[in-house]
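Enquirer: Contents are CSV, N, CA and C atoms and all ligand atoms; file name run.csv:
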```csv
chain,number,residue,atom,x,y,z
T,1,MET,N,26.3,-32.3,-21.8
T,1,MET,CA,26.4,-30.8,-21.7
T,1,MET,C,26.9,-30.4,-20.4
T,2,VAL,N,27.9,-29.5,-20.4
T,2,VAL,CA,28.5,-29.0,-19.2
T,2,VAL,C,27.7,-27.8,-18.8
T,3,VAL,N,27.3,-27.8,-17.5
T,3,VAL,CA,26.5,-26.7,-17.0
T,3,VAL,C,27.4,-26.0,-15.9
T,4,SER,N,27.7,-24.7,-16.1
T,4,SER,CA,28.5,-24.1,-15.1
T,4,SER,C,27.8,-24.0,-13.8
T,5,PRO,N,28.5,-24.0,-12.7
T,5,PRO,CA,27.9,-23.9,-11.4
T,5,PRO,C,27.0,-22.7,-11.2
T,6,ASP,N,27.4,-21.6,-11.9
T,6,ASP,CA,26.5,-20.4,-11.7
T,6,ASP,C,25.1,-20.7,-12.3
T,7,ALA,N,25.0,-21.5,-13.3
T,7,ALA,CA,23.7,-21.7,-13.9
T,7,ALA,C,22.8,-22.4,-13.0
T,8,LEU,N,23.4,-23.2,-12.0
T,8,LEU,CA,22.5,-24.0,-11.1
T,8,LEU,C,22.0,-23.2,-10.0
T,9,ARG,N,22.5,-22.0,-9.8
T,9,ARG,CA,22.0,-21.2,-8.6
T,9,ARG,C,20.7,-20.7,-9.0
T,10,PRO,N,19.8,-20.6,-7.9
T,10,PRO,CA,18.5,-20.0,-8.2
T,10,PRO,C,18.7,-18.5,-8.5
T,11,PRO,N,17.8,-17.9,-9.2
T,11,PRO,CA,18.0,-16.5,-9.5
T,11,PRO,C,17.9,-15.7,-8.2
T,12,ALA,N,18.6,-14.6,-8.1
T,12,ALA,CA,18.6,-13.8,-6.9
T,12,ALA,C,17.2,-13.3,-6.7
T,13,PRO,N,16.7,-13.3,-5.4
T,13,PRO,CA,15.4,-12.8,-5.2
T,13,PRO,C,15.3,-11.3,-5.5
T,14,PRO,N,14.2,-10.8,-5.8
T,14,PRO,CA,14.1,-9.4,-6.1
T,14,PRO,C,14.4,-8.6,-4.9
T,15,PRO,N,14.9,-7.4,-5.0
T,15,PRO,CA,15.2,-6.5,-3.9
T,15,PRO,C,13.9,-6.4,-3.0
T,16,ASP,N,14.1,-6.4,-1.7
T,16,ASP,CA,13.0,-6.4,-0.8
T,16,ASP,C,12.4,-5.0,-0.6
T,17,ASP,N,11.8,-4.5,-1.7
T,17,ASP,CA,11.2,-3.2,-1.5
T,17,ASP,C,9.7,-3.4,-1.4
T,18,ARG,N,9.2,-4.6,-1.4
T,18,ARG,CA,7.8,-4.8,-1.3
T,18,ARG,C,7.6,-5.2,0.1
T,19,ARG,N,7.5,-4.3,1.0
T,19,ARG,CA,7.3,-4.6,2.4
T,19,ARG,C,5.9,-4.9,2.7
T,20,TRP,N,5.0,-4.6,1.8
T,20,TRP,CA,3.6,-4.7,2.1
T,20,TRP,C,2.9,-5.9,1.4
T,21,PRO,N,1.9,-6.5,2.0
T,21,PRO,CA,1.3,-7.6,1.4
T,21,PRO,C,0.7,-7.2,0.0
T,22,VAL,N,0.9,-8.0,-1.0
T,22,VAL,CA,0.4,-7.8,-2.3
T,22,VAL,C,-0.9,-8.6,-2.5
T,23,GLN,N,-1.9,-8.0,-2.9
T,23,GLN,CA,-3.2,-8.8,-3.2
T,23,GLN,C,-3.6,-8.6,-4.6
T,24,ARG,N,-4.5,-9.5,-5.0
T,24,ARG,CA,-5.0,-9.4,-6.4
T,24,ARG,C,-6.3,-8.6,-6.3
T,25,CYS,N,-6.5,-7.8,-7.4
T,25,CYS,CA,-7.8,-7.1,-7.5
T,25,CYS,C,-8.9,-8.2,-7.6
T,26,LEU,N,-10.0,-7.9,-6.9
T,26,LEU,CA,-11.1,-8.8,-6.8
T,26,LEU,C,-11.9,-8.9,-8.0
T,27,SER,N,-11.7,-8.0,-8.9
T,27,SER,CA,-12.5,-8.1,-10.2
T,27,SER,C,-12.0,-9.1,-11.1
T,28,ALA,N,-12.9,-9.9,-11.6
T,28,ALA,CA,-12.5,-11.0,-12.5
T,28,ALA,C,-12.0,-10.4,-13.8
T,29,GLN,N,-12.4,-9.2,-14.1
T,29,GLN,CA,-11.9,-8.6,-15.4
T,29,GLN,C,-10.5,-8.1,-15.3
T,30,CYS,N,-10.0,-8.0,-14.1
T,30,CYS,CA,-8.8,-7.3,-13.8
T,30,CYS,C,-7.7,-8.2,-13.3
T,31,GLY,N,-7.7,-8.5,-12.0
T,31,GLY,CA,-6.8,-9.4,-11.4
T,31,GLY,C,-5.4,-8.8,-11.2
T,32,ALA,N,-5.3,-7.5,-11.3
T,32,ALA,CA,-4.0,-6.8,-11.1
T,32,ALA,C,-3.6,-6.9,-9.7
T,33,GLN,N,-2.3,-6.8,-9.5
T,33,GLN,CA,-1.7,-6.8,-8.2
T,33,GLN,C,-1.8,-5.4,-7.6
T,34,LEU,N,-2.2,-5.4,-6.4
T,34,LEU,CA,-2.3,-4.1,-5.7
T,34,LEU,C,-1.9,-4.2,-4.2
T,35,ILE,N,-1.7,-3.1,-3.7
T,35,ILE,CA,-1.4,-3.0,-2.3
T,35,ILE,C,-2.5,-2.1,-1.6
T,36,TRP,N,-3.0,-2.6,-0.5
T,36,TRP,CA,-4.0,-1.8,0.2
T,36,TRP,C,-3.2,-0.8,1.1
T,37,ALA,N,-3.5,0.4,0.9
T,37,ALA,CA,-2.8,1.4,1.8
T,37,ALA,C,-3.9,2.2,2.5
T,38,LYS,N,-3.5,3.1,3.4
T,38,LYS,CA,-4.5,4.0,4.1
T,38,LYS,C,-4.2,5.4,3.7
T,39,THR,N,-5.2,6.2,3.5
T,39,THR,CA,-5.0,7.6,3.3
T,39,THR,C,-4.6,8.2,4.6
T,40,PRO,N,-4.1,9.4,4.6
T,40,PRO,CA,-3.8,10.0,5.9
T,40,PRO,C,-5.0,10.1,6.8
T,41,LYS,N,-6.2,10.1,6.2
T,41,LYS,CA,-7.5,10.2,7.0
T,41,LYS,C,-7.9,8.8,7.4
T,42,GLY,N,-7.2,7.8,7.0
T,42,GLY,CA,-7.6,6.4,7.5
T,42,GLY,C,-8.5,5.6,6.6
T,43,LYS,N,-8.7,6.1,5.4
T,43,LYS,CA,-9.5,5.3,4.5
T,43,LYS,C,-8.7,4.3,3.8
T,44,ASN,N,-9.2,3.1,3.5
T,44,ASN,CA,-8.5,2.1,2.7
T,44,ASN,C,-8.5,2.5,1.3
T,45,THR,N,-7.3,2.4,0.7
T,45,THR,CA,-7.3,2.7,-0.8
T,45,THR,C,-6.3,1.7,-1.5
T,46,PRO,N,-6.8,1.2,-2.6
T,46,PRO,CA,-5.9,0.2,-3.3
T,46,PRO,C,-5.0,1.0,-4.3
T,47,VAL,N,-3.7,0.6,-4.2
T,47,VAL,CA,-2.7,1.2,-5.0
T,47,VAL,C,-2.0,0.2,-5.9
T,48,ASP,N,-1.8,0.5,-7.1
T,48,ASP,CA,-1.1,-0.4,-8.0
T,48,ASP,C,0.3,-0.7,-7.5
T,49,VAL,N,0.7,-2.0,-7.6
T,49,VAL,CA,2.0,-2.4,-7.0
T,49,VAL,C,3.2,-1.7,-7.7
T,50,GLU,N,3.1,-1.7,-9.1
T,50,GLU,CA,4.2,-1.1,-9.8
T,50,GLU,C,4.2,0.4,-9.9
T,51,PRO,N,5.3,1.0,-9.6
T,51,PRO,CA,5.3,2.5,-9.7
T,51,PRO,C,5.0,2.8,-11.2
T,52,SER,N,4.5,4.0,-11.4
T,52,SER,CA,4.1,4.4,-12.7
T,52,SER,C,4.6,5.9,-13.0
T,53,PRO,N,5.0,6.1,-14.2
T,53,PRO,CA,5.4,7.5,-14.6
T,53,PRO,C,4.3,8.5,-14.3
T,54,ALA,N,3.1,8.0,-14.4
T,54,ALA,CA,1.9,8.9,-14.1
T,54,ALA,C,1.5,8.9,-12.7
T,55,GLY,N,2.3,8.2,-11.8
T,55,GLY,CA,1.9,8.1,-10.4
T,55,GLY,C,1.9,9.4,-9.7
T,56,THR,N,1.1,9.4,-8.7
T,56,THR,CA,1.1,10.6,-7.8
T,56,THR,C,1.1,10.3,-6.3
T,57,ILE,N,1.2,9.0,-6.0
T,57,ILE,CA,1.1,8.5,-4.7
T,57,ILE,C,2.4,7.9,-4.2
T,58,LEU,N,2.8,8.4,-3.1
T,58,LEU,CA,4.0,7.9,-2.4
T,58,LEU,C,3.5,7.0,-1.2
T,59,LEU,N,4.1,5.8,-1.2
T,59,LEU,CA,3.7,4.9,-0.1
T,59,LEU,C,4.7,5.0,1.0
T,60,VAL,N,4.3,5.3,2.2
T,60,VAL,CA,5.2,5.5,3.3
T,60,VAL,C,5.0,4.4,4.3
T,61,ASP,N,6.1,3.8,4.6
T,61,ASP,CA,6.0,2.6,5.5
T,61,ASP,C,5.8,3.1,7.0
T,62,ARG,N,4.9,2.6,7.6
T,62,ARG,CA,4.7,2.9,9.0
T,62,ARG,C,5.1,1.8,10.0
T,63,GLY,N,5.7,0.7,9.3
T,63,GLY,CA,6.1,-0.4,10.1
T,63,GLY,C,5.1,-1.4,10.5
T,64,ASP,N,3.9,-1.2,10.0
T,64,ASP,CA,2.8,-2.2,10.4
T,64,ASP,C,2.2,-2.9,9.2
T,65,ARG,N,2.9,-2.9,8.1
T,65,ARG,CA,2.4,-3.7,6.9
T,65,ARG,C,1.3,-3.0,6.2
T,66,VAL,N,0.9,-1.8,6.6
T,66,VAL,CA,-0.1,-1.1,5.8
T,66,VAL,C,0.5,0.3,5.6
T,67,PRO,N,0.9,0.6,4.4
T,67,PRO,CA,1.6,1.9,4.1
T,67,PRO,C,0.5,3.0,4.1
T,68,VAL,N,1.0,4.2,4.3
T,68,VAL,CA,0.2,5.4,4.1
T,68,VAL,C,0.4,5.9,2.7
T,69,ALA,N,-0.7,6.2,2.1
T,69,ALA,CA,-0.7,6.7,0.7
T,69,ALA,C,-0.8,8.2,0.7
T,70,ILE,N,0.4,8.8,0.4
T,70,ILE,CA,0.5,10.3,0.4
T,70,ILE,C,0.4,10.8,-1.0
T,71,VAL,N,-0.5,11.7,-1.3
T,71,VAL,CA,-0.5,12.2,-2.7
T,71,VAL,C,0.6,13.3,-2.7
T,72,VAL,N,1.5,13.2,-3.7
T,72,VAL,CA,2.6,14.1,-3.8
T,72,VAL,C,2.2,15.2,-4.7
T,73,LYS,N,2.5,16.4,-4.3
T,73,LYS,CA,2.2,17.6,-5.1
T,73,LYS,C,3.0,17.6,-6.4
T,74,ALA,N,2.5,18.1,-7.5
T,74,ALA,CA,3.1,18.1,-8.8
T,74,ALA,C,4.6,18.6,-8.7
T,75,VAL,N,4.8,19.7,-8.0
T,75,VAL,CA,6.1,20.3,-7.9
T,75,VAL,C,7.1,19.4,-7.2
T,76,GLU,N,6.6,18.4,-6.4
T,76,GLU,CA,7.5,17.6,-5.6
T,76,GLU,C,7.8,16.2,-6.2
T,77,ARG,N,7.1,16.0,-7.4
T,77,ARG,CA,7.1,14.6,-7.9
T,77,ARG,C,8.5,14.2,-8.4
T,78,ASP,N,9.2,15.2,-8.9
T,78,ASP,CA,10.6,14.8,-9.4
T,78,ASP,C,11.5,14.2,-8.3
T,79,GLN,N,11.3,14.6,-7.1
T,79,GLN,CA,12.1,14.1,-6.0
T,79,GLN,C,11.8,12.6,-5.8
T,80,HIS,N,10.7,12.2,-6.2
T,80,HIS,CA,10.3,10.8,-5.9
T,80,HIS,C,10.1,10.0,-7.2
T,81,ALA,N,10.8,10.4,-8.3
T,81,ALA,CA,10.7,9.8,-9.6
T,81,ALA,C,11.0,8.3,-9.4
T,82,GLY,N,10.1,7.5,-10.1
T,82,GLY,CA,10.3,6.0,-10.0
T,82,GLY,C,9.7,5.4,-8.8
T,83,LYS,N,9.2,6.2,-7.9
T,83,LYS,CA,8.6,5.6,-6.7
T,83,LYS,C,7.2,5.9,-6.5
T,84,LEU,N,6.6,6.6,-7.5
T,84,LEU,CA,5.2,7.0,-7.3
T,84,LEU,C,4.3,6.0,-7.9
T,85,HIS,N,3.2,5.8,-7.2
T,85,HIS,CA,2.2,4.8,-7.7
T,85,HIS,C,0.9,5.5,-8.1
T,86,THR,N,0.1,4.7,-8.8
T,86,THR,CA,-1.2,5.2,-9.1
T,86,THR,C,-2.3,4.5,-8.3
T,87,THR,N,-3.3,5.2,-8.0
T,87,THR,CA,-4.4,4.5,-7.3
T,87,THR,C,-5.0,3.5,-8.3
T,88,HIS,N,-5.4,2.3,-7.8
T,88,HIS,CA,-5.8,1.3,-8.7
T,88,HIS,C,-7.2,1.7,-9.3
T,89,TRP,N,-7.9,2.6,-8.7
T,89,TRP,CA,-9.2,3.0,-9.3
T,89,TRP,C,-8.9,3.7,-10.6
T,90,ALA,N,-7.7,4.2,-10.8
T,90,ALA,CA,-7.4,4.9,-12.1
T,90,ALA,C,-7.1,3.9,-13.2
T,91,THR,N,-6.7,2.7,-12.8
T,91,THR,CA,-6.2,1.8,-13.9
T,91,THR,C,-7.1,0.6,-14.0
T,92,CYS,N,-8.0,0.4,-13.0
T,92,CYS,CA,-8.8,-0.9,-13.0
T,92,CYS,C,-9.9,-0.8,-14.0
T,93,PRO,N,-10.0,-1.9,-14.9
T,93,PRO,CA,-11.1,-1.9,-15.9
T,93,PRO,C,-12.5,-2.0,-15.2
T,94,ALA,N,-12.5,-2.4,-14.0
T,94,ALA,CA,-13.8,-2.6,-13.3
T,94,ALA,C,-14.0,-1.6,-12.3
T,95,ALA,N,-13.4,-0.4,-12.4
T,95,ALA,CA,-13.5,0.6,-11.4
T,95,ALA,C,-14.9,0.9,-10.9
T,96,PRO,N,-15.8,1.1,-11.7
T,96,PRO,CA,-17.2,1.5,-11.2
T,96,PRO,C,-17.7,0.4,-10.2
T,97,ALA,N,-17.6,-0.9,-10.6
T,97,ALA,CA,-18.0,-1.9,-9.7
T,97,ALA,C,-17.2,-2.0,-8.4
T,98,PHE,N,-16.0,-1.7,-8.6
T,98,PHE,CA,-15.0,-1.7,-7.4
T,98,PHE,C,-15.5,-0.7,-6.4
T,99,ARG,N,-15.8,0.5,-6.9
T,99,ARG,CA,-16.2,1.6,-6.0
T,99,ARG,C,-17.4,1.3,-5.2
T,100,SER,N,-18.4,0.7,-6.0
T,100,SER,CA,-19.7,0.5,-5.4
T,100,SER,C,-19.7,-0.7,-4.4
T,101,SER,N,-18.6,-1.5,-4.5
T,101,SER,CA,-18.6,-2.7,-3.6
T,101,SER,C,-18.1,-2.3,-2.2
T,102,ARG,N,-17.7,-1.1,-2.0
T,102,ARG,CA,-17.2,-0.7,-0.7
T,102,ARG,C,-18.2,-0.9,0.4
K,1,ZN,ZN,-8.7,-4.0,-10.7
```
Represent the structure of the file as structure tokens.

Expert:
Amino acid sequence: MVVSPDALRPPAPPPDDRRWPVQRCLSAQCGAQLIWAKTPKGKNTPVDVEPSPAGTILLVDRGDRVPVAIVVKAVERDQHAGKLHTTHWATCPAAPAFRSSR
């Protein structure tokens, strides 16, 4: 079988828009990938890695590997379409346990 040289190349890495460390949800029932961000008030908050059409949170890079989670007002969400994330508490099947483990 003839394999073209192109087929031997490793797939291109994904675009480097994941500037922040990705961690797994600690819940055994979940295991989703999430990013720990800080709210503007400095509280840690887990945010789903993948942007969501229902997302309301814009992650802003501060250059220190912990993004700031800004909640975008409804009227401004169109400007950030495709880039808004949801808080992991909204999607985690183990959210109650998650909250109380803080
Ligand atoms: Zn979870």

Enquirer: My list of candidates is T:Cys92, T:Val47, T:Leu8, T:Ala54. Which is closest to ligand ZN 1 (chain K) when distances are computed with all atoms listed in the file?

Expert: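 Among the listed residues, the smallest separation from ligand ZN 1 (chain K) belongs to T:Cys92.
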
Enquirer: Can you pull out every residue within 5 Å of stretch 68-73 of chain T, counting all atoms listed in the file, but drop anything in the same chain fewer than 5 positions away, and send it as a list of chain:residue names?

Expert: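 The neighbour list is T:Lys38, T:Thr39, T:Thr56, T:Ile57, T:Leu58, T:Leu59, T:Val60.
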
Enquirer: Which residue out of T:Arg19, T:Lys41, T:His85, T:Arg24 has the minimum interatomic distance to ligand ZN 1 (chain K) when all atoms listed in the file are used?

Expert: T:Arg24

Enquirer: Taking only C-alpha atoms and all ligand atoms into account, report as a ChimeraX atom specification which residues have an atom no farther than 10 Å from an atom of ligand ZN 1 (chain K).

Expert: /T:24-34,46-48,88-95,97-98

Enquirer: Put those residues in a file: N, CA and C atoms, as a PDB file, in the coordinates of the input.

Expert:
```pdb
ATOM      1  N   ARG T  24      -4.500  -9.500  -5.000  1.00  0.00           N
ATOM      2  CA  ARG T  24      -5.000  -9.400  -6.400  1.00  0.00           C
ATOM      3  C   ARG T  24      -6.300  -8.600  -6.300  1.00  0.00           C
ATOM      4  N   CYS T  25      -6.500  -7.800  -7.400  1.00  0.00           N
ATOM      5  CA  CYS T  25      -7.800  -7.100  -7.500  1.00  0.00           C
ATOM      6  C   CYS T  25      -8.900  -8.200  -7.600  1.00  0.00           C
ATOM      7  N   LEU T  26     -10.000  -7.900  -6.900  1.00  0.00           N
ATOM      8  CA  LEU T  26     -11.100  -8.800  -6.800  1.00  0.00           C
ATOM      9  C   LEU T  26     -11.900  -8.900  -8.000  1.00  0.00           C
ATOM     10  N   SER T  27     -11.700  -8.000  -8.900  1.00  0.00           N
ATOM     11  CA  SER T  27     -12.500  -8.100 -10.200  1.00  0.00           C
ATOM     12  C   SER T  27     -12.000  -9.100 -11.100  1.00  0.00           C
ATOM     13  N   ALA T  28     -12.900  -9.900 -11.600  1.00  0.00           N
ATOM     14  CA  ALA T  28     -12.500 -11.000 -12.500  1.00  0.00           C
ATOM     15  C   ALA T  28     -12.000 -10.400 -13.800  1.00  0.00           C
ATOM     16  N   GLN T  29     -12.400  -9.200 -14.100  1.00  0.00           N
ATOM     17  CA  GLN T  29     -11.900  -8.600 -15.400  1.00  0.00           C
ATOM     18  C   GLN T  29     -10.500  -8.100 -15.300  1.00  0.00           C
ATOM     19  N   CYS T  30     -10.000  -8.000 -14.100  1.00  0.00           N
ATOM     20  CA  CYS T  30      -8.800  -7.300 -13.800  1.00  0.00           C
ATOM     21  C   CYS T  30      -7.700  -8.200 -13.300  1.00  0.00           C
ATOM     22  N   GLY T  31      -7.700  -8.500 -12.000  1.00  0.00           N
ATOM     23  CA  GLY T  31      -6.800  -9.400 -11.400  1.00  0.00           C
ATOM     24  C   GLY T  31      -5.400  -8.800 -11.200  1.00  0.00           C
ATOM     25  N   ALA T  32      -5.300  -7.500 -11.300  1.00  0.00           N
ATOM     26  CA  ALA T  32      -4.000  -6.800 -11.100  1.00  0.00           C
ATOM     27  C   ALA T  32      -3.600  -6.900  -9.700  1.00  0.00           C
ATOM     28  N   GLN T  33      -2.300  -6.800  -9.500  1.00  0.00           N
ATOM     29  CA  GLN T  33      -1.700  -6.800  -8.200  1.00  0.00           C
ATOM     30  C   GLN T  33      -1.800  -5.400  -7.600  1.00  0.00           C
ATOM     31  N   LEU T  34      -2.200  -5.400  -6.400  1.00  0.00           N
ATOM     32  CA  LEU T  34      -2.300  -4.100  -5.700  1.00  0.00           C
ATOM     33  C   LEU T  34      -1.900  -4.200  -4.200  1.00  0.00           C
ATOM     34  N   PRO T  46      -6.800   1.200  -2.600  1.00  0.00           N
ATOM     35  CA  PRO T  46      -5.900   0.200  -3.300  1.00  0.00           C
ATOM     36  C   PRO T  46      -5.000   1.000  -4.300  1.00  0.00           C
ATOM     37  N   VAL T  47      -3.700   0.600  -4.200  1.00  0.00           N
ATOM     38  CA  VAL T  47      -2.700   1.200  -5.000  1.00  0.00           C
ATOM     39  C   VAL T  47      -2.000   0.200  -5.900  1.00  0.00           C
ATOM     40  N   ASP T  48      -1.800   0.500  -7.100  1.00  0.00           N
ATOM     41  CA  ASP T  48      -1.100  -0.400  -8.000  1.00  0.00           C
ATOM     42  C   ASP T  48       0.300  -0.700  -7.500  1.00  0.00           C
ATOM     43  N   HIS T  88      -5.400   2.300  -7.800  1.00  0.00           N
ATOM     44  CA  HIS T  88      -5.800   1.300  -8.700  1.00  0.00           C
ATOM     45  C   HIS T  88      -7.200   1.700  -9.300  1.00  0.00           C
ATOM     46  N   TRP T  89      -7.900   2.600  -8.700  1.00  0.00           N
ATOM     47  CA  TRP T  89      -9.200   3.000  -9.300  1.00  0.00           C
ATOM     48  C   TRP T  89      -8.900   3.700 -10.600  1.00  0.00           C
ATOM     49  N   ALA T  90      -7.700   4.200 -10.800  1.00  0.00           N
ATOM     50  CA  ALA T  90      -7.400   4.900 -12.100  1.00  0.00           C
ATOM     51  C   ALA T  90      -7.100   3.900 -13.200  1.00  0.00           C
ATOM     52  N   THR T  91      -6.700   2.700 -12.800  1.00  0.00           N
ATOM     53  CA  THR T  91      -6.200   1.800 -13.900  1.00  0.00           C
ATOM     54  C   THR T  91      -7.100   0.600 -14.000  1.00  0.00           C
ATOM     55  N   CYS T  92      -8.000   0.400 -13.000  1.00  0.00           N
ATOM     56  CA  CYS T  92      -8.800  -0.900 -13.000  1.00  0.00           C
ATOM     57  C   CYS T  92      -9.900  -0.800 -14.000  1.00  0.00           C
ATOM     58  N   PRO T  93     -10.000  -1.900 -14.900  1.00  0.00           N
ATOM     59  CA  PRO T  93     -11.100  -1.900 -15.900  1.00  0.00           C
ATOM     60  C   PRO T  93     -12.500  -2.000 -15.200  1.00  0.00           C
ATOM     61  N   ALA T  94     -12.500  -2.400 -14.000  1.00  0.00           N
ATOM     62  CA  ALA T  94     -13.800  -2.600 -13.300  1.00  0.00           C
ATOM     63  C   ALA T  94     -14.000  -1.600 -12.300  1.00  0.00           C
ATOM     64  N   ALA T  95     -13.400  -0.400 -12.400  1.00  0.00           N
ATOM     65  CA  ALA T  95     -13.500   0.600 -11.400  1.00  0.00           C
ATOM     66  C   ALA T  95     -14.900   0.900 -10.900  1.00  0.00           C
ATOM     67  N   ALA T  97     -17.600  -0.900 -10.600  1.00  0.00           N
ATOM     68  CA  ALA T  97     -18.000  -1.900  -9.700  1.00  0.00           C
ATOM     69  C   ALA T  97     -17.200  -2.000  -8.400  1.00  0.00           C
ATOM     70  N   PHE T  98     -16.000  -1.700  -8.600  1.00  0.00           N
ATOM     71  CA  PHE T  98     -15.000  -1.700  -7.400  1.00  0.00           C
ATOM     72  C   PHE T  98     -15.500  -0.700  -6.400  1.00  0.00           C
TER      73      PHE T  98
END
```

Enquirer: Between atom C of T:Pro21 and atom CA of T:Arg9, measure the distance and give it in Å to one decimal.

Expert: 26.9 Å

Enquirer: Quick one: distance from atom C of T:Val49 to atom C of T:Asp6 in Å, one decimal?

Expert: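 Distance between the two atoms: 29.4 Å.
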
Enquirer: Quick one: pull the distance between atom CA of T:Arg62 and atom CA of T:Ile35, Å, one decimal.

Expert: 14.1 Å

Enquirer: For the point (9.8, 5.3, -8.2) in the file's frame, write as a PyMOL selection string all residues with an atom no more than 8 Å away, counting all atoms listed in the file.

Expert: chain T and resi 50-53+79-85

Enquirer: Enumerate as number ranges by chain all residues of stretch 64-101 of chain T assigned to strand (DSSP E or B) by DSSP on the backbone, naming them with the chain letters and numbers the document uses.

Expert: T: 68-71, 85, 87
